[in-house]
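Okay, start_26.txt now, which holds compact mmCIF, C-alpha atoms:
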# COMPACT_ATOMS: atom_id res chain seq x y z
CA MET A 1 -7.88 -99.25 -61.73
CA LYS A 2 -9.92 -97.45 -64.38
CA LYS A 3 -13.21 -99.18 -65.22
CA PRO A 4 -13.97 -99.97 -68.88
CA LEU A 5 -16.47 -97.82 -70.73
CA LEU A 6 -19.15 -100.45 -70.11
CA HIS A 7 -18.98 -102.78 -67.16
CA PHE A 8 -21.28 -105.17 -65.36
CA ASN A 9 -22.53 -104.62 -61.83
CA ALA A 10 -25.40 -105.78 -59.62
CA LYS A 11 -27.94 -103.71 -61.55
CA GLY A 12 -26.89 -104.34 -65.15
CA ILE A 13 -24.55 -103.12 -67.86
CA TYR A 14 -23.34 -99.70 -66.72
CA CYS A 15 -21.71 -96.72 -68.38
CA GLN A 16 -20.26 -94.83 -65.42
CA GLN A 17 -19.23 -91.76 -67.42
CA ALA A 18 -22.85 -91.19 -68.52
CA ASP A 19 -24.52 -92.76 -65.46
CA VAL A 20 -26.65 -94.82 -67.86
CA TYR A 21 -27.55 -98.51 -67.81
CA LEU A 22 -28.27 -100.83 -70.76
CA ASP A 23 -31.17 -103.27 -70.19
CA PRO A 24 -30.76 -103.12 -66.38
CA TRP A 25 -32.42 -105.83 -64.31
CA LYS A 26 -32.81 -103.65 -61.21
CA PRO A 27 -34.38 -100.14 -60.99
CA VAL A 28 -32.08 -97.31 -62.11
CA LYS A 29 -32.36 -93.62 -62.98
CA LYS A 30 -31.78 -93.88 -66.74
CA ALA A 31 -32.06 -97.03 -68.85
CA ILE A 32 -31.50 -97.66 -72.55
CA ILE A 33 -33.72 -100.59 -73.54
CA THR A 34 -32.91 -102.83 -76.50
CA HIS A 35 -36.34 -104.47 -76.94
CA GLY A 36 -39.64 -105.32 -75.34
CA HIS A 37 -39.10 -108.82 -73.92
CA ALA A 38 -39.61 -108.93 -70.17
CA ASP A 39 -36.06 -109.95 -69.28
CA HIS A 40 -34.66 -106.89 -71.06
CA SER A 41 -37.32 -104.25 -70.34
CA ARG A 42 -38.23 -104.24 -66.68
CA TRP A 43 -40.47 -102.03 -64.61
CA GLY A 44 -39.15 -99.49 -62.11
CA HIS A 45 -36.66 -97.26 -63.98
CA LEU A 46 -37.14 -93.49 -63.74
CA GLN A 47 -36.40 -92.86 -67.42
CA TYR A 48 -36.42 -95.19 -70.44
CA ILE A 49 -34.82 -94.61 -73.85
CA THR A 50 -35.55 -97.02 -76.71
CA HIS A 51 -36.29 -97.14 -80.43
CA HIS A 52 -39.54 -95.36 -81.22
CA THR A 53 -41.22 -98.53 -82.54
CA ASN A 54 -40.54 -100.19 -79.19
CA VAL A 55 -42.19 -97.37 -77.22
CA PRO A 56 -45.81 -98.59 -77.58
CA ILE A 57 -44.68 -102.16 -76.90
CA ILE A 58 -42.98 -101.45 -73.58
CA LYS A 59 -45.74 -99.03 -72.56
CA HIS A 60 -48.25 -101.82 -73.18
CA ARG A 61 -46.22 -104.15 -71.00
CA LEU A 62 -45.01 -101.75 -68.30
CA GLY A 63 -47.83 -99.21 -68.08
CA ASP A 64 -47.32 -95.51 -67.34
CA ILE A 65 -43.57 -94.97 -67.71
CA GLN A 66 -41.40 -92.03 -68.75
CA VAL A 67 -40.00 -93.14 -72.11
CA ALA A 68 -38.33 -91.37 -75.02
CA GLY A 69 -38.10 -92.86 -78.51
CA VAL A 70 -35.22 -92.34 -80.95
CA ASN A 71 -34.61 -93.32 -84.58
CA TRP A 72 -32.05 -95.71 -86.00
CA GLY A 73 -28.63 -94.08 -86.02
CA GLU A 74 -29.84 -90.98 -84.19
CA THR A 75 -27.12 -89.90 -81.76
CA PHE A 76 -27.80 -88.53 -78.30
CA MET A 77 -25.20 -87.29 -75.85
CA VAL A 78 -25.12 -87.94 -72.12
CA ASN A 79 -22.25 -86.29 -70.23
CA GLY A 80 -19.96 -86.44 -73.25
CA VAL A 81 -20.81 -90.03 -74.16
CA LYS A 82 -22.37 -90.59 -77.59
CA PHE A 83 -25.14 -93.19 -77.84
CA SER A 84 -27.08 -94.49 -80.83
CA LEU A 85 -29.41 -97.41 -81.59
CA HIS A 86 -29.04 -99.75 -84.56
CA PRO A 87 -31.27 -102.59 -85.84
CA ALA A 88 -30.81 -105.93 -84.10
CA GLY A 89 -33.31 -107.94 -86.19
CA HIS A 90 -34.44 -109.91 -83.12
CA ILE A 91 -38.08 -108.78 -82.95
CA ILE A 92 -39.92 -105.66 -84.03
CA GLY A 93 -38.31 -102.58 -82.46
CA SER A 94 -35.20 -104.43 -81.25
CA SER A 95 -31.92 -102.53 -81.13
CA GLN A 96 -28.22 -102.78 -80.62
CA VAL A 97 -26.71 -99.99 -78.53
CA ARG A 98 -23.57 -98.22 -79.77
CA VAL A 99 -21.60 -96.34 -77.10
CA GLU A 100 -18.69 -94.02 -77.95
CA TYR A 101 -16.42 -92.00 -75.68
CA LYS A 102 -13.10 -90.40 -76.59
CA GLY A 103 -12.74 -92.53 -79.70
CA GLU A 104 -13.53 -95.82 -77.96
CA VAL A 105 -16.58 -97.68 -79.33
CA TRP A 106 -18.59 -100.44 -77.69
CA VAL A 107 -21.67 -102.23 -79.02
CA PHE A 108 -24.21 -104.16 -76.93
CA THR A 109 -26.36 -106.43 -79.08
CA GLY A 110 -29.22 -107.21 -76.74
CA ASP A 111 -30.79 -110.20 -78.49
CA TYR A 112 -30.31 -110.39 -82.27
CA LYS A 113 -30.49 -112.47 -85.43
CA LEU A 114 -29.12 -111.97 -88.93
CA GLU A 115 -31.95 -113.42 -91.05
CA ASP A 116 -34.53 -110.90 -92.27
CA ASP A 117 -37.89 -112.12 -90.99
CA GLY A 118 -40.00 -109.56 -92.85
CA ILE A 119 -41.27 -107.76 -89.76
CA ALA A 120 -38.26 -106.66 -87.66
CA THR A 121 -35.90 -104.10 -89.16
CA PRO A 122 -33.02 -106.29 -90.45
CA TYR A 123 -29.81 -106.52 -88.45
CA GLU A 124 -27.01 -104.14 -89.37
CA PRO A 125 -23.38 -104.77 -88.35
CA VAL A 126 -21.78 -101.91 -86.40
CA LYS A 127 -18.02 -101.47 -86.25
CA CYS A 128 -16.59 -101.32 -82.74
CA HIS A 129 -13.63 -102.12 -80.53
CA SER A 130 -15.56 -104.15 -77.94
CA PHE A 131 -18.67 -106.24 -78.64
CA ILE A 132 -21.08 -107.53 -75.98
CA THR A 133 -22.93 -110.41 -77.60
CA GLU A 134 -25.57 -112.86 -76.46
CA CYS A 135 -24.84 -116.49 -77.27
CA THR A 136 -28.14 -118.18 -76.44
CA PHE A 137 -27.46 -120.74 -79.17
CA GLY A 138 -23.67 -120.71 -79.01
CA LEU A 139 -23.13 -124.35 -79.91
CA PRO A 140 -22.21 -125.83 -83.32
CA ALA A 141 -25.28 -128.07 -82.96
CA PHE A 142 -27.49 -125.07 -83.65
CA LYS A 143 -27.74 -124.43 -87.38
CA TRP A 144 -30.91 -122.86 -88.73
CA GLN A 145 -32.37 -123.83 -92.07
CA PRO A 146 -33.69 -120.95 -94.23
CA GLN A 147 -36.95 -119.68 -92.76
CA LYS A 148 -38.72 -120.09 -96.12
CA GLU A 149 -38.30 -123.85 -95.76
CA VAL A 150 -39.56 -123.79 -92.15
CA PHE A 151 -42.69 -121.91 -93.13
CA GLN A 152 -43.32 -124.38 -95.93
CA GLU A 153 -43.20 -127.14 -93.31
CA ILE A 154 -45.60 -125.23 -91.05
CA ASN A 155 -48.03 -124.63 -93.91
CA GLN A 156 -47.94 -128.31 -94.90
CA TRP A 157 -48.50 -129.39 -91.28
CA TRP A 158 -51.50 -127.08 -90.94
CA GLN A 159 -52.94 -128.19 -94.30
CA GLU A 160 -52.63 -131.89 -93.42
CA ASN A 161 -54.20 -131.35 -90.00
CA ARG A 162 -57.06 -129.45 -91.61
CA GLU A 163 -57.71 -132.26 -94.09
CA GLU A 164 -57.86 -134.72 -91.17
CA GLY A 165 -60.29 -132.54 -89.22
CA ASN A 166 -57.81 -131.50 -86.54
CA THR A 167 -57.13 -128.04 -85.21
CA SER A 168 -53.48 -126.94 -85.41
CA VAL A 169 -52.28 -125.36 -82.15
CA LEU A 170 -48.94 -123.64 -82.59
CA PHE A 171 -47.16 -122.34 -79.48
CA ALA A 172 -45.06 -119.18 -79.74
CA TYR A 173 -44.08 -116.24 -77.55
CA SER A 174 -46.71 -113.51 -77.62
CA LEU A 175 -44.20 -110.81 -78.60
CA GLY A 176 -41.94 -111.47 -81.55
CA LYS A 177 -42.38 -115.09 -82.60
CA ALA A 178 -46.17 -114.87 -82.90
CA GLN A 179 -46.01 -111.84 -85.21
CA ARG A 180 -43.20 -113.42 -87.25
CA LEU A 181 -45.36 -116.48 -87.78
CA LEU A 182 -48.34 -114.38 -88.78
CA LYS A 183 -46.24 -112.37 -91.23
CA ASN A 184 -44.92 -115.44 -93.04
CA ILE A 185 -47.44 -118.30 -92.91
CA ASP A 186 -49.99 -118.92 -95.68
CA ALA A 187 -53.15 -117.32 -94.30
CA SER A 188 -55.20 -118.64 -97.24
CA ILE A 189 -55.21 -122.17 -95.78
CA GLY A 190 -57.88 -121.26 -93.23
CA GLU A 191 -58.79 -118.96 -90.37
CA ILE A 192 -56.21 -117.94 -87.78
CA TYR A 193 -57.35 -117.79 -84.16
CA THR A 194 -55.32 -116.35 -81.29
CA HIS A 195 -55.05 -116.57 -77.54
CA ALA A 196 -55.84 -113.24 -75.84
CA ALA A 197 -52.20 -112.70 -74.78
CA ILE A 198 -51.10 -112.85 -78.42
CA GLU A 199 -54.02 -110.85 -79.76
CA ASN A 200 -53.43 -108.08 -77.21
CA MET A 201 -49.88 -107.77 -78.52
CA ASN A 202 -51.10 -107.97 -82.11
CA ASP A 203 -53.30 -104.96 -81.42
CA VAL A 204 -50.18 -102.99 -80.48
CA VAL A 205 -48.04 -104.25 -83.36
CA ARG A 206 -50.74 -103.54 -85.99
CA ASN A 207 -50.08 -99.84 -85.44
CA ILE A 208 -46.46 -100.46 -86.46
CA ALA A 209 -46.60 -103.24 -89.06
CA SER A 210 -49.19 -105.03 -91.19
CA LEU A 211 -50.42 -108.47 -90.08
CA PRO A 212 -53.06 -110.80 -91.56
CA GLN A 213 -56.50 -110.92 -90.00
CA THR A 214 -56.83 -112.97 -86.83
CA LYS A 215 -59.71 -113.89 -84.53
CA ARG A 216 -59.45 -113.65 -80.77
CA ILE A 217 -60.65 -116.73 -78.89
CA THR A 218 -63.15 -115.77 -76.18
CA LYS A 219 -65.49 -117.70 -73.91
CA ASP A 220 -68.13 -117.30 -76.60
CA THR A 221 -66.00 -118.86 -79.35
CA LYS A 222 -67.44 -122.24 -80.29
CA LYS A 223 -65.32 -125.34 -80.83
CA GLU A 224 -66.95 -125.88 -84.24
CA GLU A 225 -65.65 -122.51 -85.44
CA ILE A 226 -62.06 -123.35 -84.60
CA LYS A 227 -61.93 -126.92 -85.94
CA GLY A 228 -59.42 -127.37 -88.76
CA ASN A 229 -58.02 -123.89 -88.39
CA LEU A 230 -54.78 -122.55 -86.90
CA VAL A 231 -54.53 -121.39 -83.28
CA LEU A 232 -51.56 -119.35 -82.06
CA ALA A 233 -51.04 -119.54 -78.31
CA PRO A 234 -48.27 -118.79 -75.79
CA PRO A 235 -46.42 -121.81 -74.35
CA SER A 236 -48.10 -121.22 -70.98
CA ALA A 237 -51.47 -122.21 -72.52
CA HIS A 238 -50.32 -125.79 -73.08
CA GLY A 239 -51.98 -128.12 -70.60
CA SER A 240 -54.35 -125.42 -69.34
CA PRO A 241 -58.18 -125.68 -69.31
CA TRP A 242 -58.22 -123.08 -72.11
CA ILE A 243 -56.89 -125.56 -74.67
CA ARG A 244 -59.75 -128.04 -74.18
CA LYS A 245 -61.85 -125.99 -76.55
CA MET A 246 -59.51 -127.00 -79.39
CA VAL A 247 -60.24 -130.76 -79.27
CA PRO A 248 -59.44 -132.53 -81.55
CA TYR A 249 -56.09 -130.79 -81.94
CA VAL A 250 -52.45 -131.34 -82.82
CA THR A 251 -49.74 -129.27 -81.12
CA ALA A 252 -46.46 -127.79 -82.31
CA SER A 253 -43.87 -125.35 -81.08
CA ALA A 254 -41.74 -122.92 -83.09
CA SER A 255 -38.42 -122.45 -81.30
CA GLY A 256 -34.70 -122.86 -81.73
CA TRP A 257 -34.84 -125.31 -78.84
CA MET A 258 -36.74 -127.71 -81.07
CA THR A 259 -33.26 -128.65 -82.36
CA PHE A 260 -33.15 -130.94 -79.33
CA ARG A 261 -35.74 -133.72 -79.50
CA GLY A 262 -35.76 -133.85 -75.73
CA ALA A 263 -37.18 -130.33 -75.58
CA ARG A 264 -40.21 -131.45 -77.58
CA ARG A 265 -40.72 -134.50 -75.39
CA ARG A 266 -40.50 -132.50 -72.16
CA ARG A 267 -43.12 -130.09 -73.42
CA ALA A 268 -45.36 -132.93 -74.66
CA ILE A 269 -45.46 -131.34 -78.12
CA ASP A 270 -46.50 -133.35 -81.19
CA LYS A 271 -44.32 -131.43 -83.64
CA GLY A 272 -41.34 -129.11 -83.39
CA PHE A 273 -40.35 -126.43 -85.90
CA VAL A 274 -36.81 -125.08 -85.55
CA LEU A 275 -37.38 -121.35 -85.84
CA SER A 276 -35.45 -118.91 -83.68
CA ASP A 277 -35.29 -115.16 -83.22
CA HIS A 278 -31.65 -115.52 -82.12
CA CYS A 279 -28.45 -116.22 -84.05
CA ASP A 280 -27.26 -119.75 -84.61
CA TRP A 281 -23.60 -120.71 -84.24
CA SER A 282 -22.42 -119.58 -87.68
CA SER A 283 -24.41 -116.34 -87.53
CA LEU A 284 -22.84 -115.44 -84.19
CA LEU A 285 -19.38 -115.91 -85.68
CA SER A 286 -20.28 -113.92 -88.81
CA ALA A 287 -21.69 -111.07 -86.75
CA ILE A 288 -18.59 -110.89 -84.55
CA LYS A 289 -16.22 -110.84 -87.53
CA ALA A 290 -18.24 -108.08 -89.21
CA THR A 291 -17.80 -105.74 -86.24
CA GLY A 292 -14.02 -105.82 -86.45
CA ALA A 293 -13.96 -106.01 -82.65
CA GLU A 294 -11.03 -107.59 -80.82
CA LYS A 295 -12.64 -107.76 -77.38
CA ILE A 296 -15.77 -109.93 -77.12
CA ILE A 297 -17.92 -110.30 -74.01
CA CYS A 298 -20.30 -113.27 -74.09
CA THR A 299 -23.56 -113.16 -72.15
CA HIS A 300 -26.59 -115.41 -71.58
CA GLY A 301 -26.33 -118.73 -73.28
CA TYR A 302 -23.53 -121.21 -73.79
CA THR A 303 -21.06 -118.53 -72.71
CA ASP A 304 -18.16 -120.69 -71.55
CA ILE A 305 -18.09 -122.89 -74.64
CA PHE A 306 -18.53 -120.00 -77.04
CA SER A 307 -15.94 -117.71 -75.44
CA ARG A 308 -13.41 -120.55 -75.28
CA PHE A 309 -13.83 -121.12 -79.02
CA LEU A 310 -13.39 -117.40 -79.71
CA ASN A 311 -10.18 -117.31 -77.71
CA GLU A 312 -8.90 -120.24 -79.76
CA GLN A 313 -9.63 -118.17 -82.88
CA GLY A 314 -7.50 -115.28 -81.62
CA PHE A 315 -10.14 -113.04 -80.05
CA ASP A 316 -9.87 -111.58 -76.56
CA ALA A 317 -13.10 -113.12 -75.25
CA ARG A 318 -14.57 -113.46 -71.77
CA THR A 319 -17.94 -114.10 -70.16
CA GLU A 320 -20.21 -112.04 -67.93
CA GLN A 321 -23.23 -113.08 -65.91
CA THR A 322 -26.55 -111.35 -66.60
CA GLN A 323 -30.17 -111.81 -65.67
CA PHE A 324 -31.32 -112.15 -69.28
CA GLU A 325 -31.69 -115.92 -69.22
CA GLU A 326 -34.88 -116.69 -67.29
CA GLU A 327 -36.54 -118.13 -70.41
CA THR A 328 -33.54 -120.21 -71.39
CA ALA A 329 -32.17 -121.54 -68.09
CA GLU A 330 -34.17 -124.78 -68.19
CA GLU A 331 -33.23 -125.46 -71.81
CA LEU A 332 -29.55 -124.74 -71.19
CA LYS A 333 -29.52 -127.23 -68.33
CA SER A 334 -31.22 -129.91 -70.38
CA GLY A 335 -29.04 -129.15 -73.38
CA ALA A 336 -25.93 -129.97 -71.38
CA SER A 337 -26.76 -133.67 -71.48
CA LYS A 338 -27.28 -133.40 -75.24
CA LEU A 339 -23.91 -131.67 -75.60
CA GLU A 340 -22.17 -134.58 -73.91
CA ARG A 341 -23.40 -136.82 -76.73
CA LEU A 342 -22.36 -134.54 -79.61
Let's see the structure in the file written out as structure tokens.
Amino acid sequence: MKKPLLHFNAKGIYCQQADVYLDPWKPVKKAIITHGHADHSRWGHLQYITHHTNVPIIKHRLGDIQVAGVNWGETFMVNGVKFSLHPAGHIIGSSQVRVEYKGEVWVFTGDYKLEDDGIATPYEPVKCHSFITECTFGLPAFKWQPQKEVFQEINQWWQENREEGNTSVLFAYSLGKAQRLLKNIDASIGEIYTHAAIENMNDVVRNIASLPQTKRITKDTKKEEIKGNLVLAPPSAHGSPWIRKMVPYVTASASGWMTFRGARRRRAIDKGFVLSDHCDWSSLLSAIKATGAEKIICTHGYTDIFSRFLNEQGFDARTEQTQFEEETAEELKSGASKLERL
């Protein structure tokens, strides 16, 4: 039986005709990488192809690799197969991959979102016959409010904490969410301090996009300097000795998982802001309809629920297992109990 143009195997999403993988999770000869997050860009491939703004990001994370950068919409041929990258809007440098062979078109989204966050190149729908989509937040319970309103809430939280003499510690992933926060919060409220993991990534991103001034927290940074200001830190810093320097502090997390109150309680977070770099339920449906695709493959997230709904709507939808869900596995498991109550 003839294999489809893109199929899933033990190493990743494979185009046999071109002998090319998309975001493979095991070492391969040639890999097209959608974005810089660790579950999508892994070490060990012989050759990497990605959007040119993602090149410095994955080189920072992976070290000395052989990588080629391409522009949006720039086509490149591999053994008769036409590839091109298109904006995914997930984080800076994130792409969708369009694959065409003998008139058949597939699109792999990687991770994506539809709302323009002011730092990632905004998502663009790409027409195709088959669409491989993530569905991290593929439940009707996930419905994002406009980010302008979320940032107003964050600014108010920081301002109130400052007036009460507390430091505001906001947890966010070092690549993507941290820079989105920096791009959109009101930096006039006070100073912004950063954990080294975030500041190291900021140093890379500043060569691609403008960000407000930040101050790296070092062993020489005094507690008095930080008091009343904003600190951006990765989630791994919570509960570590590093955070003791922030006392007195109030914590918050910016994540789509903050939709579930239980996620905030498990993380021992004082405040949760629902802000995601992925699509919510309605955005997933809008994106799928805009492609015109009839065949939908659902990966990493609430795949079974989402694909079942699509089939009820007349799509030819199925699921595939990937290794893109390390960061979400715990939340998906805990969300199942929430789902039972919806």
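Picture a line from atom CA of A:Met201 to atom CA of A:Ser41; it runs 15.4 Å.
Going from atom CA of A:Gln16 to atom CA of A:Ser94 covers 23.8 Å.
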Polymer residues at most 6 Å from stretch 240-249 of chain A, all atoms listed in the file, same-chain spacing of 3 or more positions, as a PyMOL selection string: chain A and resi 166-168+223+237
Taking C-alpha atoms for each residue, export the selection above as a compact mmCIF listing (two decimals), in the frame of the given file.
# COMPACT_ATOMS: atom_id res chain seq x y z
CA ASN A 166 -57.81 -131.50 -86.54
CA THR A 167 -57.13 -128.04 -85.21
CA SER A 168 -53.48 -126.94 -85.41
CA LYS A 223 -65.32 -125.34 -80.83
CA ALA A 237 -51.47 -122.21 -72.52
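Of note, atom CA of A:Arg261 and atom CA of A:Lys143 are spaced 14.6 Å apart.
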Check which residues of stretch 61-160 of chain A sit at most 6 Å from stretch 290-306 of chain A using all atoms listed in the file, and return one row each with the closest pair of atoms and their distance in Å to one decimal, ordered by chain and rising number, as JSON lines.
{"residue": "A:Val126", "atom": "CA", "partner": "A:Thr291", "partner_atom": "CA", "distance": 5.5}
{"residue": "A:Lys127", "atom": "CA", "partner": "A:Thr291", "partner_atom": "CA", "distance": 4.3}
{"residue": "A:Cys128", "atom": "CA", "partner": "A:Ala293", "partner_atom": "CA", "distance": 5.4}
{"residue": "A:His129", "atom": "CA", "partner": "A:Ala293", "partner_atom": "CA", "distance": 4.4}
{"residue": "A:Ser130", "atom": "CA", "partner": "A:Lys295", "partner_atom": "CA", "distance": 4.7}
{"residue": "A:Phe131", "atom": "CA", "partner": "A:Ile296", "partner_atom": "CA", "distance": 4.9}
{"residue": "A:Ile132", "atom": "CA", "partner": "A:Ile297", "partner_atom": "CA", "distance": 4.6}
{"residue": "A:Thr133", "atom": "CA", "partner": "A:Cys298", "partner_atom": "CA", "distance": 5.2}
{"residue": "A:Glu134", "atom": "CA", "partner": "A:Thr299", "partner_atom": "CA", "distance": 4.8}
{"residue": "A:Cys135", "atom": "CA", "partner": "A:Gly301", "partner_atom": "CA", "distance": 4.8}
{"residue": "A:Thr136", "atom": "CA", "partner": "A:Gly301", "partner_atom": "CA", "distance": 3.7}
{"residue": "A:Gly138", "atom": "CA", "partner": "A:Tyr302", "partner_atom": "CA", "distance": 5.2}
Please write as an mmCIF file with C-alpha atoms, in the coordinates of the input the list of polymer residues whose atoms come within 10 Å of (-23.0, -87.2, -71.0), counting all atoms listed in the file and keeping to the coordinates of the file.
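Heads up, here's the output in point-v2.cif:
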data_model
loop_
_atom_site.group_PDB
_atom_site.id
_atom_site.type_symbol
_atom_site.label_atom_id
_atom_site.label_comp_id
_atom_site.auth_asym_id
_atom_site.auth_seq_id
_atom_site.Cartn_x
_atom_site.Cartn_y
_atom_site.Cartn_z
ATOM 1 C CA CYS A 15 -21.710 -96.720 -68.380
ATOM 2 C CA GLN A 16 -20.260 -94.830 -65.420
ATOM 3 C CA GLN A 17 -19.230 -91.760 -67.420
ATOM 4 C CA ALA A 18 -22.850 -91.190 -68.520
ATOM 5 C CA ASP A 19 -24.520 -92.760 -65.460
ATOM 6 C CA VAL A 20 -26.650 -94.820 -67.860
ATOM 7 C CA PHE A 76 -27.800 -88.530 -78.300
ATOM 8 C CA MET A 77 -25.200 -87.290 -75.850
ATOM 9 C CA VAL A 78 -25.120 -87.940 -72.120
ATOM 10 C CA ASN A 79 -22.250 -86.290 -70.230
ATOM 11 C CA GLY A 80 -19.960 -86.440 -73.250
ATOM 12 C CA VAL A 81 -20.810 -90.030 -74.160
ATOM 13 C CA LYS A 82 -22.370 -90.590 -77.590
ATOM 14 C CA PHE A 83 -25.140 -93.190 -77.840
ATOM 15 C CA TYR A 101 -16.420 -92.000 -75.680
#
Using all atoms listed in the file, which residues of stretch 53-82 of chain A come within 12 Å of stretch 44-48 of chain A, and what is the closest atom pair for each, with the distance in Å to one decimal? Give it as CSV, sorted by chain and residue number.
residue,atom,partner,partner_atom,distance
A:Asn54,CA,A:Tyr48,CA,10.9
A:Val55,CA,A:Tyr48,CA,9.2
A:Ile58,CA,A:Tyr48,CA,9.6
A:Lys59,CA,A:Tyr48,CA,10.3
A:Leu62,CA,A:Gly44,CA,8.8
A:Gly63,CA,A:Gly44,CA,10.5
A:Asp64,CA,A:Gly44,CA,10.5
A:Ile65,CA,A:Gln47,CA,7.5
A:Gln66,CA,A:Gln47,CA,5.2
A:Val67,CA,A:Tyr48,CA,4.5
A:Ala68,CA,A:Tyr48,CA,6.3
A:Gly69,CA,A:Tyr48,CA,8.6
A:Val70,CA,A:Tyr48,CA,11.0
Residues as selected, C-alpha atoms, written as a JSON list (two decimals), in the coordinates of the input, can you do that?
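Wrote result_18.json, looks like this:
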[["chain", "number", "residue", "atom", "x", "y", "z"],
["A", 54, "ASN", "CA", -40.54, -100.19, -79.19],
["A", 55, "VAL", "CA", -42.19, -97.37, -77.22],
["A", 58, "ILE", "CA", -42.98, -101.45, -73.58],
["A", 59, "LYS", "CA", -45.74, -99.03, -72.56],
["A", 62, "LEU", "CA", -45.01, -101.75, -68.30],
["A", 63, "GLY", "CA", -47.83, -99.21, -68.08],
["A", 64, "ASP", "CA", -47.32, -95.51, -67.34],
["A", 65, "ILE", "CA", -43.57, -94.97, -67.71],
["A", 66, "GLN", "CA", -41.40, -92.03, -68.75],
["A", 67, "VAL", "CA", -40.00, -93.14, -72.11],
["A", 68, "ALA", "CA", -38.33, -91.37, -75.02],
["A", 69, "GLY", "CA", -38.10, -92.86, -78.51],
["A", 70, "VAL", "CA", -35.22, -92.34, -80.95]]
Mind dumping a table of every stretch 85-132 of chain A residue within 12 Å of stretch 27-36 of chain A, with the nearest atom pair and its distance in Å to one decimal, using only C-alpha atoms, sorted by chain and rising number, as a Markdown table?
| residue | atom | partner | partner_atom | distance |
| --- | --- | --- | --- | --- |
| A:Leu85 | CA | A:Thr34 | CA | 8.2 |
| A:His86 | CA | A:Thr34 | CA | 9.5 |
| A:Pro87 | CA | A:Thr34 | CA | 9.5 |
| A:Ala88 | CA | A:Thr34 | CA | 8.5 |
| A:Gly89 | CA | A:His35 | CA | 10.3 |
| A:His90 | CA | A:His35 | CA | 8.4 |
| A:Ile91 | CA | A:His35 | CA | 7.6 |
| A:Ile92 | CA | A:His35 | CA | 8.0 |
| A:Gly93 | CA | A:His35 | CA | 6.2 |
| A:Ser94 | CA | A:His35 | CA | 4.5 |
| A:Ser95 | CA | A:Thr34 | CA | 4.7 |
| A:Gln96 | CA | A:Thr34 | CA | 6.2 |
| A:Val97 | CA | A:Thr34 | CA | 7.1 |
| A:Arg98 | CA | A:Ile32 | CA | 10.7 |
| A:Val99 | CA | A:Ile32 | CA | 11.0 |
| A:Val107 | CA | A:Thr34 | CA | 11.5 |
| A:Phe108 | CA | A:Thr34 | CA | 8.8 |
| A:Thr109 | CA | A:Thr34 | CA | 7.9 |
| A:Gly110 | CA | A:Thr34 | CA | 5.7 |
| A:Asp111 | CA | A:Thr34 | CA | 7.9 |
| A:Tyr112 | CA | A:Thr34 | CA | 9.9 |
| A:Ala120 | CA | A:His35 | CA | 11.1 |
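You can rank A:Lys113, A:Lys177, A:Lys227, A:Lys11 by their closest distance to A:Ser282 using only C-alpha atoms, and at the top of that list sits A:Lys113.
Proximity ranking of A:Trp72, A:Ala197, A:Thr322, A:Val169 relative to A:Glu124 places A:Trp72 first, based on only C-alpha atoms.
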